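Here is the file run.csv (CSV, C-alpha atoms and all ligand atoms).
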```
chain,number,residue,atom,x,y,z
X,28,MET,CA,41.0,-39.1,-41.2
X,29,THR,CA,40.9,-42.9,-41.8
X,30,HIS,CA,44.2,-43.4,-40.2
X,31,ALA,CA,44.2,-41.0,-37.2
X,32,PRO,CA,43.7,-42.8,-33.9
X,33,TYR,CA,40.6,-41.7,-31.9
X,34,GLY,CA,41.4,-38.4,-30.1
X,35,ASP,CA,41.3,-34.6,-30.5
X,36,HIS,CA,43.0,-34.6,-33.9
X,37,TRP,CA,40.6,-37.2,-35.4
X,38,ARG,CA,37.6,-35.4,-33.8
X,39,ASN,CA,38.7,-32.1,-35.4
X,40,LEU,CA,39.0,-33.8,-38.8
X,41,ARG,CA,35.6,-35.4,-38.5
X,42,ARG,CA,34.2,-32.0,-37.5
X,43,ILE,CA,35.7,-30.2,-40.5
X,44,GLY,CA,34.4,-33.1,-42.7
X,45,ALA,CA,30.9,-32.8,-41.3
X,46,VAL,CA,30.8,-29.0,-41.8
X,47,GLU,CA,32.8,-28.5,-45.0
X,48,ILE,CA,32.1,-31.7,-47.0
X,49,PHE,CA,29.2,-33.9,-45.8
X,50,SER,CA,26.7,-31.4,-44.4
X,51,ALA,CA,23.2,-31.3,-46.2
X,52,HIS,CA,24.0,-27.8,-47.2
X,53,ARG,CA,27.3,-28.7,-49.0
X,54,LEU,CA,25.9,-31.9,-50.5
X,55,ALA,CA,23.0,-29.8,-52.0
X,56,ALA,CA,25.5,-27.3,-53.3
X,57,SER,CA,27.5,-29.9,-55.1
X,58,LEU,CA,24.5,-31.7,-56.6
X,59,PRO,CA,24.8,-29.8,-59.9
X,60,ILE,CA,28.3,-31.3,-60.3
X,61,ARG,CA,27.0,-34.8,-59.8
X,62,ARG,CA,24.1,-34.2,-62.2
X,63,ASP,CA,26.4,-32.8,-64.8
X,64,GLU,CA,28.8,-35.7,-64.6
X,65,VAL,CA,26.0,-38.3,-64.9
X,66,ARG,CA,24.7,-36.2,-67.9
X,67,ARG,CA,28.1,-36.5,-69.5
X,68,LEU,CA,28.0,-40.2,-69.0
X,69,VAL,CA,24.5,-40.4,-70.6
X,70,ALA,CA,25.7,-38.3,-73.5
X,71,LYS,CA,28.7,-40.6,-74.1
X,72,LEU,CA,26.6,-43.8,-73.9
X,73,ALA,CA,24.0,-42.2,-76.2
X,74,ARG,CA,26.6,-41.3,-78.8
X,75,ARG,CA,28.0,-44.8,-78.7
X,76,SER,CA,24.6,-46.4,-79.2
X,77,ASP,CA,23.4,-43.8,-81.7
X,78,GLY,CA,20.7,-45.3,-83.8
X,79,GLY,CA,20.9,-48.8,-82.3
X,80,ALA,CA,22.5,-50.9,-79.6
X,81,ALA,CA,26.2,-50.9,-78.6
X,82,VAL,CA,28.3,-52.9,-76.3
X,83,VAL,CA,29.8,-50.7,-73.6
X,84,ASP,CA,32.3,-51.3,-70.9
X,85,MET,CA,30.7,-50.0,-67.7
X,86,LYS,CA,33.6,-50.8,-65.3
X,87,SER,CA,35.8,-48.0,-66.8
X,88,ALA,CA,32.7,-45.8,-67.3
X,89,PHE,CA,31.9,-45.9,-63.6
X,90,GLN,CA,35.5,-45.4,-62.6
X,91,GLU,CA,35.8,-42.4,-64.8
X,92,LEU,CA,32.5,-41.0,-63.4
X,93,THR,CA,33.4,-41.3,-59.7
X,94,PHE,CA,36.9,-40.0,-60.1
X,95,ASP,CA,35.9,-37.0,-62.2
X,96,THR,CA,33.0,-36.2,-59.9
X,97,MET,CA,35.2,-36.3,-56.7
X,98,MET,CA,37.9,-34.2,-58.5
X,99,ARG,CA,35.3,-31.6,-59.4
X,100,MET,CA,33.9,-31.5,-55.9
X,101,VAL,CA,37.3,-31.1,-54.3
X,102,ALA,CA,39.4,-29.2,-56.9
X,103,GLY,CA,37.0,-27.8,-59.5
X,104,LYS,CA,38.4,-29.7,-62.4
X,105,ARG,CA,37.9,-33.0,-64.1
X,106,PHE,CA,40.6,-34.8,-66.1
X,107,TYR,CA,40.4,-38.5,-65.8
X,108,SER,CA,40.6,-39.3,-69.4
X,109,ASP,CA,42.9,-36.7,-70.8
X,110,ASP,CA,45.5,-36.1,-68.2
X,111,GLU,CA,48.6,-38.2,-67.8
X,112,GLU,CA,49.1,-37.1,-64.2
X,113,ALA,CA,45.6,-38.0,-63.2
X,114,ARG,CA,46.0,-41.4,-64.7
X,115,GLY,CA,49.2,-41.8,-62.7
X,116,PHE,CA,47.3,-40.8,-59.5
X,117,ARG,CA,44.6,-43.4,-60.2
X,118,GLU,CA,47.4,-46.0,-60.1
X,119,VAL,CA,48.5,-44.6,-56.8
X,120,ILE,CA,45.0,-44.9,-55.4
X,121,LYS,CA,44.8,-48.5,-56.5
X,122,GLU,CA,48.1,-49.3,-54.8
X,123,VAL,CA,47.2,-47.5,-51.6
X,124,VAL,CA,43.8,-49.3,-51.4
X,125,ALA,CA,45.5,-52.6,-52.1
X,126,ARG,CA,48.0,-52.0,-49.3
X,127,GLY,CA,45.7,-50.2,-46.9
X,128,GLY,CA,44.1,-53.3,-45.4
X,129,ALA,CA,45.6,-55.4,-42.7
X,130,SER,CA,47.1,-58.0,-45.0
X,131,ASN,CA,50.7,-56.7,-45.0
X,132,ARG,CA,52.7,-59.4,-43.3
X,133,ALA,CA,55.2,-56.8,-42.1
X,134,ASP,CA,52.4,-55.4,-39.8
X,135,PHE,CA,52.5,-58.6,-37.8
X,136,GLY,CA,55.7,-58.3,-35.9
X,137,ALA,CA,59.4,-57.5,-36.0
X,138,VAL,CA,60.5,-60.9,-37.3
X,139,LEU,CA,58.2,-60.7,-40.3
X,140,ARG,CA,59.3,-57.1,-41.0
X,141,TRP,CA,62.8,-58.4,-41.0
X,142,ILE,CA,61.9,-61.2,-43.5
X,143,ASP,CA,60.2,-58.5,-45.6
X,144,GLY,CA,63.6,-56.7,-45.7
X,145,GLY,CA,62.0,-53.3,-45.3
X,146,LYS,CA,60.4,-53.6,-48.8
X,147,LEU,CA,57.0,-52.6,-47.6
X,148,GLU,CA,58.3,-49.4,-45.9
X,149,ARG,CA,60.3,-48.4,-49.0
X,150,THR,CA,57.2,-49.0,-51.2
X,151,ALA,CA,55.0,-47.0,-48.8
X,152,ARG,CA,57.5,-44.1,-48.8
X,153,GLU,CA,57.7,-44.1,-52.5
X,154,LEU,CA,53.9,-44.1,-52.8
X,155,ALA,CA,53.7,-41.3,-50.3
X,156,GLY,CA,56.1,-39.2,-52.4
X,157,ARG,CA,54.1,-39.6,-55.6
X,158,THR,CA,50.8,-38.9,-53.8
X,159,ASP,CA,52.1,-35.8,-52.1
X,160,SER,CA,53.4,-34.0,-55.2
X,161,PHE,CA,50.0,-34.6,-56.9
X,162,LEU,CA,48.0,-33.3,-54.0
X,163,GLN,CA,50.3,-30.3,-53.4
X,164,LYS,CA,49.7,-29.2,-57.1
X,165,LEU,CA,45.9,-29.4,-56.5
X,166,ILE,CA,46.3,-26.9,-53.7
X,167,GLU,CA,48.5,-24.6,-55.7
X,168,GLU,CA,46.0,-24.4,-58.5
X,169,ARG,CA,43.2,-23.1,-56.3
X,170,ARG,CA,39.9,-22.6,-57.9
X,171,ARG,CA,36.7,-20.8,-56.7
X,172,ASN,CA,34.1,-22.5,-54.7
X,173,THR,CA,35.5,-25.9,-54.3
X,174,MET,CA,36.3,-27.8,-51.1
X,175,ILE,CA,39.9,-26.7,-51.4
X,176,ASP,CA,38.8,-23.1,-51.6
X,177,HIS,CA,36.8,-23.4,-48.4
X,178,LEU,CA,39.6,-25.0,-46.6
X,179,LEU,CA,42.1,-22.4,-47.8
X,180,ALA,CA,39.7,-19.6,-46.6
X,181,MET,CA,39.8,-21.3,-43.1
X,182,GLN,CA,43.6,-21.4,-43.4
X,183,GLU,CA,43.7,-17.7,-43.4
X,184,SER,CA,41.9,-17.4,-40.1
X,185,GLU,CA,43.4,-20.4,-38.4
X,186,PRO,CA,46.7,-21.1,-40.1
X,187,GLU,CA,48.1,-23.3,-37.4
X,188,TYR,CA,45.4,-25.9,-37.7
X,189,TYR,CA,44.3,-25.7,-41.4
X,190,SER,CA,47.8,-26.4,-42.7
X,191,ASP,CA,48.5,-27.6,-46.2
X,192,GLN,CA,49.1,-31.0,-44.7
X,193,ILE,CA,45.6,-31.1,-43.1
X,194,ILE,CA,44.0,-30.0,-46.4
X,195,LYS,CA,45.9,-32.5,-48.4
X,196,GLY,CA,44.8,-35.3,-46.0
X,197,LEU,CA,41.2,-34.3,-46.5
X,198,VAL,CA,41.5,-34.2,-50.3
X,199,MET,CA,43.2,-37.5,-50.2
X,200,VAL,CA,40.5,-39.1,-48.2
X,201,MET,CA,37.8,-37.9,-50.6
X,202,LEU,CA,39.7,-39.3,-53.6
X,203,LEU,CA,40.7,-42.5,-51.8
X,204,ALA,CA,37.6,-43.4,-49.9
X,205,GLY,CA,35.0,-41.9,-52.3
X,206,THR,CA,35.9,-43.2,-55.8
X,207,ASP,CA,36.5,-46.9,-56.0
X,208,THR,CA,33.9,-47.6,-53.3
X,209,LEU,CA,31.2,-45.9,-55.4
X,210,SER,CA,32.3,-47.2,-58.8
X,211,VAL,CA,32.6,-50.8,-57.6
X,212,THR,CA,29.1,-50.7,-56.0
X,213,LEU,CA,27.6,-49.1,-59.1
X,214,GLU,CA,29.1,-51.9,-61.2
X,215,TRP,CA,27.7,-54.6,-58.9
X,216,ALA,CA,24.3,-52.9,-58.9
X,217,LEU,CA,24.2,-52.8,-62.7
X,218,ALA,CA,25.5,-56.4,-63.0
X,219,ASN,CA,22.6,-57.5,-60.8
X,220,LEU,CA,20.0,-55.5,-62.8
X,221,LEU,CA,21.3,-57.1,-66.0
X,222,ASN,CA,20.8,-60.6,-64.4
X,223,HIS,CA,17.3,-59.6,-63.1
X,224,PRO,CA,15.6,-57.5,-65.8
X,225,ASN,CA,12.3,-57.7,-63.9
X,226,ILE,CA,13.9,-55.7,-61.0
X,227,LEU,CA,15.2,-53.1,-63.5
X,228,LEU,CA,11.7,-52.7,-64.9
X,229,LYS,CA,10.2,-52.4,-61.4
X,230,ALA,CA,12.7,-49.6,-60.6
X,231,ARG,CA,11.8,-47.8,-63.9
X,232,GLU,CA,8.1,-48.0,-63.1
X,233,GLU,CA,8.8,-46.4,-59.7
X,234,ILE,CA,10.6,-43.5,-61.3
X,235,ASP,CA,7.9,-43.1,-63.9
X,236,LYS,CA,5.2,-43.1,-61.2
X,237,GLN,CA,6.9,-40.9,-58.6
X,238,ILE,CA,8.9,-38.5,-60.8
X,239,GLY,CA,7.6,-38.9,-64.4
X,240,GLN,CA,9.7,-38.5,-67.5
X,241,GLU,CA,9.3,-34.8,-67.8
X,242,ARG,CA,10.6,-34.0,-64.4
X,243,LEU,CA,13.5,-36.4,-64.5
X,244,ILE,CA,15.8,-33.9,-66.0
X,245,ASP,CA,15.4,-31.1,-63.5
X,246,GLU,CA,14.2,-33.0,-60.4
X,247,PRO,CA,16.6,-31.9,-57.7
X,248,ASP,CA,16.9,-35.3,-56.1
X,249,ILE,CA,15.7,-38.6,-57.5
X,250,SER,CA,18.0,-40.6,-55.3
X,251,ASN,CA,15.5,-41.1,-52.4
X,252,LEU,CA,13.0,-43.4,-54.1
X,253,THR,CA,12.4,-46.5,-52.0
X,254,TYR,CA,12.8,-49.3,-54.5
X,255,LEU,CA,15.8,-47.7,-56.1
X,256,GLN,CA,17.5,-47.4,-52.7
X,257,ASN,CA,16.5,-51.0,-51.8
X,258,ILE,CA,18.4,-52.1,-54.9
X,259,ILE,CA,21.5,-50.2,-53.6
X,260,VAL,CA,21.1,-51.6,-50.1
X,261,GLU,CA,20.8,-55.1,-51.4
X,262,THR,CA,23.9,-54.5,-53.5
X,263,LEU,CA,25.8,-53.3,-50.5
X,264,ARG,CA,24.7,-56.3,-48.5
X,265,LEU,CA,26.0,-58.9,-51.0
X,266,TYR,CA,29.0,-56.9,-52.3
X,267,PRO,CA,30.1,-54.5,-49.5
X,268,ALA,CA,32.9,-52.3,-50.9
X,269,GLY,CA,34.7,-52.7,-47.6
X,270,PRO,CA,34.2,-56.5,-46.9
X,271,LEU,CA,36.3,-56.3,-43.8
X,272,LEU,CA,35.4,-52.6,-43.1
X,273,VAL,CA,38.6,-50.7,-42.2
X,274,PRO,CA,41.0,-52.4,-39.7
X,275,HIS,CA,40.5,-51.1,-36.2
X,276,ALA,CA,42.9,-51.3,-33.3
X,277,SER,CA,42.1,-51.4,-29.6
X,278,SER,CA,43.4,-48.3,-27.8
X,279,GLU,CA,42.8,-50.0,-24.4
X,280,ASP,CA,42.5,-53.6,-23.2
X,281,CYS,CA,38.8,-54.6,-23.8
X,282,VAL,CA,36.4,-57.5,-24.1
X,283,VAL,CA,34.7,-58.0,-27.5
X,284,GLY,CA,32.0,-60.7,-27.8
X,285,GLY,CA,33.4,-62.5,-24.7
X,286,TYR,CA,37.0,-62.4,-26.0
X,287,HIS,CA,39.7,-60.6,-24.1
X,288,VAL,CA,41.4,-58.2,-26.6
X,289,PRO,CA,44.7,-56.7,-25.4
X,290,ARG,CA,45.6,-53.1,-26.2
X,291,ASP,CA,47.0,-52.4,-29.7
X,292,THR,CA,45.4,-55.5,-31.3
X,293,ILE,CA,44.2,-55.3,-34.9
X,294,LEU,CA,40.6,-56.2,-35.1
X,295,LEU,CA,38.8,-56.9,-38.4
X,296,VAL,CA,35.0,-57.0,-38.8
X,297,ASN,CA,33.9,-59.5,-41.4
X,298,ALA,CA,30.9,-57.6,-42.8
X,299,TRP,CA,30.9,-59.9,-45.9
X,300,ALA,CA,30.2,-63.0,-43.7
X,301,ILE,CA,27.6,-61.2,-41.5
X,302,HIS,CA,25.7,-60.0,-44.6
X,303,ARG,CA,25.5,-63.6,-45.9
X,304,ASP,CA,24.9,-65.4,-42.6
X,305,PRO,CA,22.1,-67.9,-43.1
X,306,ASN,CA,21.0,-67.5,-39.5
X,307,LEU,CA,20.3,-63.8,-40.2
X,308,TRP,CA,18.9,-63.8,-43.7
X,309,ASP,CA,16.4,-65.8,-45.7
X,310,ASP,CA,17.9,-67.1,-49.0
X,311,PRO,CA,21.1,-65.1,-48.2
X,312,THR,CA,22.9,-65.3,-51.5
X,313,SER,CA,19.9,-64.2,-53.7
X,314,PHE,CA,19.5,-60.7,-54.9
X,315,ILE,CA,16.1,-59.6,-53.5
X,316,PRO,CA,15.6,-55.8,-53.0
X,317,GLU,CA,12.0,-56.6,-51.8
X,318,ARG,CA,13.4,-58.1,-48.6
X,319,TYR,CA,13.5,-54.6,-47.1
X,320,GLU,CA,9.9,-53.8,-47.9
X,321,ASN,CA,7.9,-55.4,-45.2
X,322,GLU,CA,9.6,-55.2,-41.9
X,323,GLY,CA,12.0,-52.2,-42.4
X,324,LYS,CA,14.1,-54.0,-39.8
X,325,GLU,CA,16.3,-55.9,-42.2
X,326,SER,CA,18.7,-53.1,-42.9
X,327,TYR,CA,19.8,-53.0,-39.3
X,328,LYS,CA,21.4,-56.4,-39.7
X,329,MET,CA,24.0,-55.0,-42.1
X,330,ILE,CA,27.0,-52.8,-41.7
X,331,PRO,CA,28.4,-51.8,-45.2
X,332,PHE,CA,29.4,-48.4,-43.8
X,333,GLY,CA,30.5,-49.6,-40.3
X,334,LEU,CA,28.9,-48.6,-37.1
X,335,GLY,CA,29.5,-46.0,-34.4
X,336,ARG,CA,31.8,-43.0,-34.3
X,337,ARG,CA,34.3,-44.4,-36.8
X,338,SER,CA,31.5,-45.2,-39.3
X,339,CYS,CA,31.6,-43.8,-42.9
X,340,PRO,CA,30.9,-40.1,-43.0
X,341,GLY,CA,30.3,-40.4,-46.8
X,342,VAL,CA,27.2,-42.6,-46.4
X,343,GLY,CA,24.7,-39.8,-47.4
X,344,LEU,CA,26.8,-38.7,-50.4
X,345,ALA,CA,27.2,-42.4,-51.4
X,346,HIS,CA,23.4,-43.1,-51.4
X,347,ARG,CA,22.6,-39.8,-53.2
X,348,PHE,CA,25.2,-40.3,-55.9
X,349,MET,CA,24.5,-43.9,-56.6
X,350,GLY,CA,20.7,-43.3,-56.6
X,351,LEU,CA,21.1,-40.4,-59.1
X,352,THR,CA,23.4,-42.4,-61.4
X,353,LEU,CA,21.4,-45.6,-61.4
X,354,GLY,CA,18.1,-43.9,-61.7
X,355,ILE,CA,19.2,-41.9,-64.7
X,356,LEU,CA,20.8,-44.8,-66.4
X,357,ILE,CA,17.7,-47.0,-65.9
X,358,GLN,CA,15.5,-44.3,-67.4
X,359,CYS,CA,17.7,-43.3,-70.4
X,360,PHE,CA,18.7,-46.7,-71.7
X,361,GLU,CA,17.6,-50.3,-72.3
X,362,TRP,CA,20.2,-52.6,-70.8
X,363,GLU,CA,20.8,-56.2,-71.9
X,364,ARG,CA,23.4,-58.8,-71.1
X,365,VAL,CA,26.1,-59.6,-73.6
X,366,SER,CA,26.1,-63.3,-72.6
X,367,GLU,CA,23.5,-65.5,-71.0
X,368,GLU,CA,24.3,-64.6,-67.4
X,369,VAL,CA,26.6,-61.8,-66.2
X,370,ASP,CA,29.6,-63.5,-64.5
X,371,MET,CA,29.4,-62.5,-60.8
X,372,THR,CA,32.8,-63.8,-59.7
X,373,GLU,CA,34.2,-61.6,-57.0
X,374,GLY,CA,37.8,-60.4,-57.2
X,375,LYS,CA,40.2,-60.3,-54.3
X,376,GLY,CA,41.4,-57.1,-52.7
X,377,ALA,CA,40.1,-54.3,-50.5
X,378,THR,CA,37.1,-53.2,-52.5
X,379,MET,CA,36.2,-56.6,-53.8
X,380,PRO,CA,36.0,-55.6,-57.4
X,381,ARG,CA,34.3,-57.8,-60.0
X,382,GLU,CA,36.7,-60.2,-61.5
X,383,LYS,CA,36.0,-59.1,-65.1
X,384,PRO,CA,35.1,-55.8,-66.9
X,385,LEU,CA,31.3,-55.3,-67.0
X,386,GLU,CA,30.1,-55.3,-70.6
X,387,ALA,CA,26.5,-54.6,-71.4
X,388,ILE,CA,24.4,-53.9,-74.5
X,389,CYS,CA,23.1,-50.3,-74.2
X,390,THR,CA,20.3,-48.8,-76.3
X,391,SER,CA,19.1,-45.2,-76.0
X,392,ARG,CA,15.4,-44.7,-75.1
X,393,PRO,CA,13.5,-41.8,-76.5
X,394,ILE,CA,13.8,-39.8,-73.2
X,395,VAL,CA,17.6,-39.4,-73.9
X,396,LYS,CA,16.7,-36.7,-76.5
X,397,ASN,CA,14.7,-34.7,-73.9
X,398,PHE,CA,17.6,-35.0,-71.6
X,399,PHE,CA,19.7,-32.9,-73.9
X,400,SER,CA,17.2,-30.5,-75.5
X,501,LIG,C1,29.6,-47.4,-51.4
X,501,LIG,C2,30.3,-46.4,-50.9
X,501,LIG,C3,31.0,-46.5,-49.6
X,501,LIG,C4,31.2,-47.6,-48.7
X,501,LIG,C5,30.6,-49.0,-48.8
X,501,LIG,C6,32.0,-47.1,-47.6
X,501,LIG,C7,32.4,-47.9,-46.5
X,501,LIG,C8,33.2,-47.4,-45.5
X,501,LIG,C9,33.6,-48.3,-44.4
X,501,LIG,C10,33.2,-49.7,-44.2
X,501,LIG,C11,34.3,-47.5,-43.5
X,501,LIG,C12,35.0,-47.9,-42.2
X,501,LIG,C13,33.9,-48.0,-41.1
X,501,LIG,C14,34.4,-48.7,-39.9
X,501,LIG,O1,35.5,-49.3,-39.9
X,501,LIG,O2,33.7,-48.7,-38.9
X,501,LIG,C15,34.4,-46.2,-44.1
X,501,LIG,C16,35.1,-45.1,-43.6
X,501,LIG,C17,35.3,-43.9,-44.2
X,501,LIG,N1,34.7,-43.5,-45.4
X,501,LIG,FE1,33.4,-44.6,-46.5
X,501,LIG,N2,32.3,-45.8,-47.8
X,501,LIG,C18,31.8,-45.4,-49.0
X,501,LIG,C19,31.8,-44.1,-49.6
X,501,LIG,C20,32.5,-43.1,-49.1
X,501,LIG,C21,32.6,-41.7,-49.7
X,501,LIG,C22,31.8,-41.3,-50.9
X,501,LIG,C23,33.4,-41.0,-48.9
X,501,LIG,C24,33.8,-39.6,-49.0
X,501,LIG,C25,33.8,-38.9,-50.1
X,501,LIG,C26,33.8,-41.8,-47.8
X,501,LIG,C27,34.7,-41.4,-46.7
X,501,LIG,C28,35.1,-42.2,-45.7
X,501,LIG,C29,36.0,-41.7,-44.6
X,501,LIG,C30,36.6,-40.4,-44.5
X,501,LIG,C31,36.1,-42.8,-43.7
X,501,LIG,C32,36.9,-42.8,-42.4
X,501,LIG,C33,36.1,-42.3,-41.2
X,501,LIG,C34,36.9,-42.3,-39.9
X,501,LIG,O3,37.9,-43.1,-39.8
X,501,LIG,O4,36.6,-41.6,-39.0
X,501,LIG,N3,33.3,-43.1,-47.9
X,501,LIG,N4,33.7,-46.2,-45.3
```
Translate this file's structure into structure tokens.
Amino acid sequence: MTHAPYGDHWRNLRRIGAVEIFSAHRLAASLPIRRDEVRRLVAKLARRSDGGAAVVDMKSAFQELTFDTMMRMVAGKRFYSDDEEARGFREVIKEVVARGGASNRADFGAVLRWIDGGKLERTARELAGRTDSFLQKLIEERRRNTMIDHLLAMQESEPEYYSDQIIKGLVMVMLLAGTDTLSVTLEWALANLLNHPNILLKAREEIDKQIGQERLIDEPDISNLTYLQNIIVETLRLYPAGPLLVPHASSEDCVVGGYHVPRDTILLVNAWAIHRDPNLWDDPTSFIPERYENEGKESYKMIPFGLGRRSCPGVGLAHRFMGLTLGILIQCFEWERVSEEVDMTEGKGATMPREKPLEAICTSRPIVKNFFS
């Protein structure tokens, strides 16, 4: 879906996505999976910090959470930690994401491709081979009631369109576009909460007031609380998981911002710079979730999910999942920094990861017990 040029095929893929994956109905149906995965994370952290505080690595915890959740949503199984093949596929995802931007010099003309000696094409073919065998297996091991099941059911009525190849493409997009984006954003959000304990307390107060400790466990959706979402929005402003969005190309000659852009030109949008532009934002580099409270207009100045018809179809799922995860982690544990300030150095690369693993001191709060009784 991400790579198809605008046209009938892309429109069909977006339509299947809208009905089969991202509709309110499907998102509500898959909520129990997300809740269960967050619950498993809480259980793991509670075990680690049993009877006191423990230092935990939240980078790998969030990576495991998002990969297992997406795997369960698409294929009905989770196997991040105990499956060799799944670990191998994680590596494939990392490489595809790293090479998926517009930074391959071989993309920029025949001469450079010649200098590159075809290495990029060989690597891409090799990656595609590894990816395909993993995805084909997922289809073969069909399970009840997963996204793959629904798509296989459609294959029976319209085999010429719902081919294995189309299904593999959609599964691939869920695992590629929907795992690192979420885990990296969760990591930045928690890193900011560690550096701003007062913001964490305010978020906890909101949950206590609006939901209450009793209802936290069974509340169908805690993700739509205003302050909690403002924390996520502010995280996406300062640390957008797609800092240059996804590379676009002009299908016709056109004019953008007064510049003539010939057909087939790669165009990158620097969301990172827009989100920190001092002409648009007061105190642009500070983490201030309150900035969205007064006017309600601030969020229109940012584009972490892109804009228009090619914008991210996973935006609803992303906000729900991150709200649910952060909300529950804030309620279930006390969080403290390991050192004086959490190092906020940004990495390089497509999803702008944090430079270092995120370590935090995590202590269970009494509510954790209710959570499992
Ligand atoms: C924090 C989370 C996420 C962020 C920041 C994000 C951001 C983006 C951005 C910037 C684009 C390109 C938009 C453009 O160039 O105009 C995009 C496209 C896309 N995203 Fe996301 N995304 C996130 C989560 C997800 C999730 C959870 C899924 C699915 C499970 C998903 C699926 C997609 C797909 C399929 C496209 C391509 C759409 C198309 O080309 O028509 N994303 N996303």
Per-residue nearest contacts of chain X to ligand LIG 501 (chain X) (7 Å; only C-alpha atoms and all ligand atoms) as a tab-separated table:
```
residue	atom	partner	partner_atom	distance
X:Met28	CA	X:LIG501	O3	5.3
X:Thr29	CA	X:LIG501	O3	3.6
X:His30	CA	X:LIG501	O3	6.3
X:Trp37	CA	X:LIG501	O4	7.0
X:Arg41	CA	X:LIG501	O4	6.3
X:Val200	CA	X:LIG501	C30	5.5
X:Met201	CA	X:LIG501	C25	4.2
X:Leu202	CA	X:LIG501	C25	6.9
X:Ala204	CA	X:LIG501	C26	4.6
X:Gly205	CA	X:LIG501	C21	3.5
X:Thr206	CA	X:LIG501	C22	6.7
X:Thr208	CA	X:LIG501	C2	4.5
X:Leu209	CA	X:LIG501	C1	4.6
X:Thr212	CA	X:LIG501	C1	5.7
X:Leu263	CA	X:LIG501	C5	6.7
X:Pro267	CA	X:LIG501	C5	5.6
X:Ala268	CA	X:LIG501	C5	4.5
X:Gly269	CA	X:LIG501	C10	4.8
X:Leu272	CA	X:LIG501	C10	3.8
X:Val273	CA	X:LIG501	O1	4.1
X:Pro274	CA	X:LIG501	O1	6.3
X:His275	CA	X:LIG501	O1	6.5
X:Pro331	CA	X:LIG501	C5	5.1
X:Phe332	CA	X:LIG501	C10	4.0
X:Gly333	CA	X:LIG501	O2	3.6
X:Leu334	CA	X:LIG501	O2	5.1
X:Gly335	CA	X:LIG501	O2	6.7
X:Arg336	CA	X:LIG501	O4	6.9
X:Arg337	CA	X:LIG501	O4	4.2
X:Ser338	CA	X:LIG501	C13	4.1
X:Cys339	CA	X:LIG501	C16	3.8
X:Pro340	CA	X:LIG501	C28	5.4
X:Gly341	CA	X:LIG501	C23	3.8
X:Val342	CA	X:LIG501	C19	5.8
X:Leu344	CA	X:LIG501	C22	5.7
X:Ala345	CA	X:LIG501	C22	4.8
```
task = Please return, as a PyMOL selection string, all polymer residues that have at least one atom within 12 Å of the point (18.7, -45.1, -59.0); use all atoms listed in the file and the file's own coordinate frame.
result = chain X and resi 65+213+216-217+220+226-234+238+243+248-260+345-359
Next, the residues of the selection above should be written as a short mmCIF file (atom, residue, chain, number, x, y, z; two decimals), in the coordinates of the input with C-alpha atoms.
```cif
data_model
loop_
_atom_site.label_atom_id
_atom_site.label_comp_id
_atom_site.auth_asym_id
_atom_site.auth_seq_id
_atom_site.Cartn_x
_atom_site.Cartn_y
_atom_site.Cartn_z
CA VAL X 65 26.00 -38.30 -64.90
CA LEU X 213 27.60 -49.10 -59.10
CA ALA X 216 24.30 -52.90 -58.90
CA LEU X 217 24.20 -52.80 -62.70
CA LEU X 220 20.00 -55.50 -62.80
CA ILE X 226 13.90 -55.70 -61.00
CA LEU X 227 15.20 -53.10 -63.50
CA LEU X 228 11.70 -52.70 -64.90
CA LYS X 229 10.20 -52.40 -61.40
CA ALA X 230 12.70 -49.60 -60.60
CA ARG X 231 11.80 -47.80 -63.90
CA GLU X 232 8.10 -48.00 -63.10
CA GLU X 233 8.80 -46.40 -59.70
CA ILE X 234 10.60 -43.50 -61.30
CA ILE X 238 8.90 -38.50 -60.80
CA LEU X 243 13.50 -36.40 -64.50
CA ASP X 248 16.90 -35.30 -56.10
CA ILE X 249 15.70 -38.60 -57.50
CA SER X 250 18.00 -40.60 -55.30
CA ASN X 251 15.50 -41.10 -52.40
CA LEU X 252 13.00 -43.40 -54.10
CA THR X 253 12.40 -46.50 -52.00
CA TYR X 254 12.80 -49.30 -54.50
CA LEU X 255 15.80 -47.70 -56.10
CA GLN X 256 17.50 -47.40 -52.70
CA ASN X 257 16.50 -51.00 -51.80
CA ILE X 258 18.40 -52.10 -54.90
CA ILE X 259 21.50 -50.20 -53.60
CA VAL X 260 21.10 -51.60 -50.10
CA ALA X 345 27.20 -42.40 -51.40
CA HIS X 346 23.40 -43.10 -51.40
CA ARG X 347 22.60 -39.80 -53.20
CA PHE X 348 25.20 -40.30 -55.90
CA MET X 349 24.50 -43.90 -56.60
CA GLY X 350 20.70 -43.30 -56.60
CA LEU X 351 21.10 -40.40 -59.10
CA THR X 352 23.40 -42.40 -61.40
CA LEU X 353 21.40 -45.60 -61.40
CA GLY X 354 18.10 -43.90 -61.70
CA ILE X 355 19.20 -41.90 -64.70
CA LEU X 356 20.80 -44.80 -66.40
CA ILE X 357 17.70 -47.00 -65.90
CA GLN X 358 15.50 -44.30 -67.40
CA CYS X 359 17.70 -43.30 -70.40
#
```
Fewer than 6 positions away in the same chain doesn't count, so skip those; otherwise give me all residues within 9 Å of Arg290 in chain X, counting only C-alpha atoms, as a PDB file with C-alpha atoms, keeping the file's coordinate frame.
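New file result_3.pdb:
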```pdb
ATOM      1  CA  ALA X 276      42.900 -51.300 -33.300  1.00  0.00           C
ATOM      2  CA  SER X 277      42.100 -51.400 -29.600  1.00  0.00           C
ATOM      3  CA  SER X 278      43.400 -48.300 -27.800  1.00  0.00           C
ATOM      4  CA  GLU X 279      42.800 -50.000 -24.400  1.00  0.00           C
ATOM      5  CA  ASP X 280      42.500 -53.600 -23.200  1.00  0.00           C
ATOM      6  CA  CYS X 281      38.800 -54.600 -23.800  1.00  0.00           C
TER       7      CYS X 281
END
```
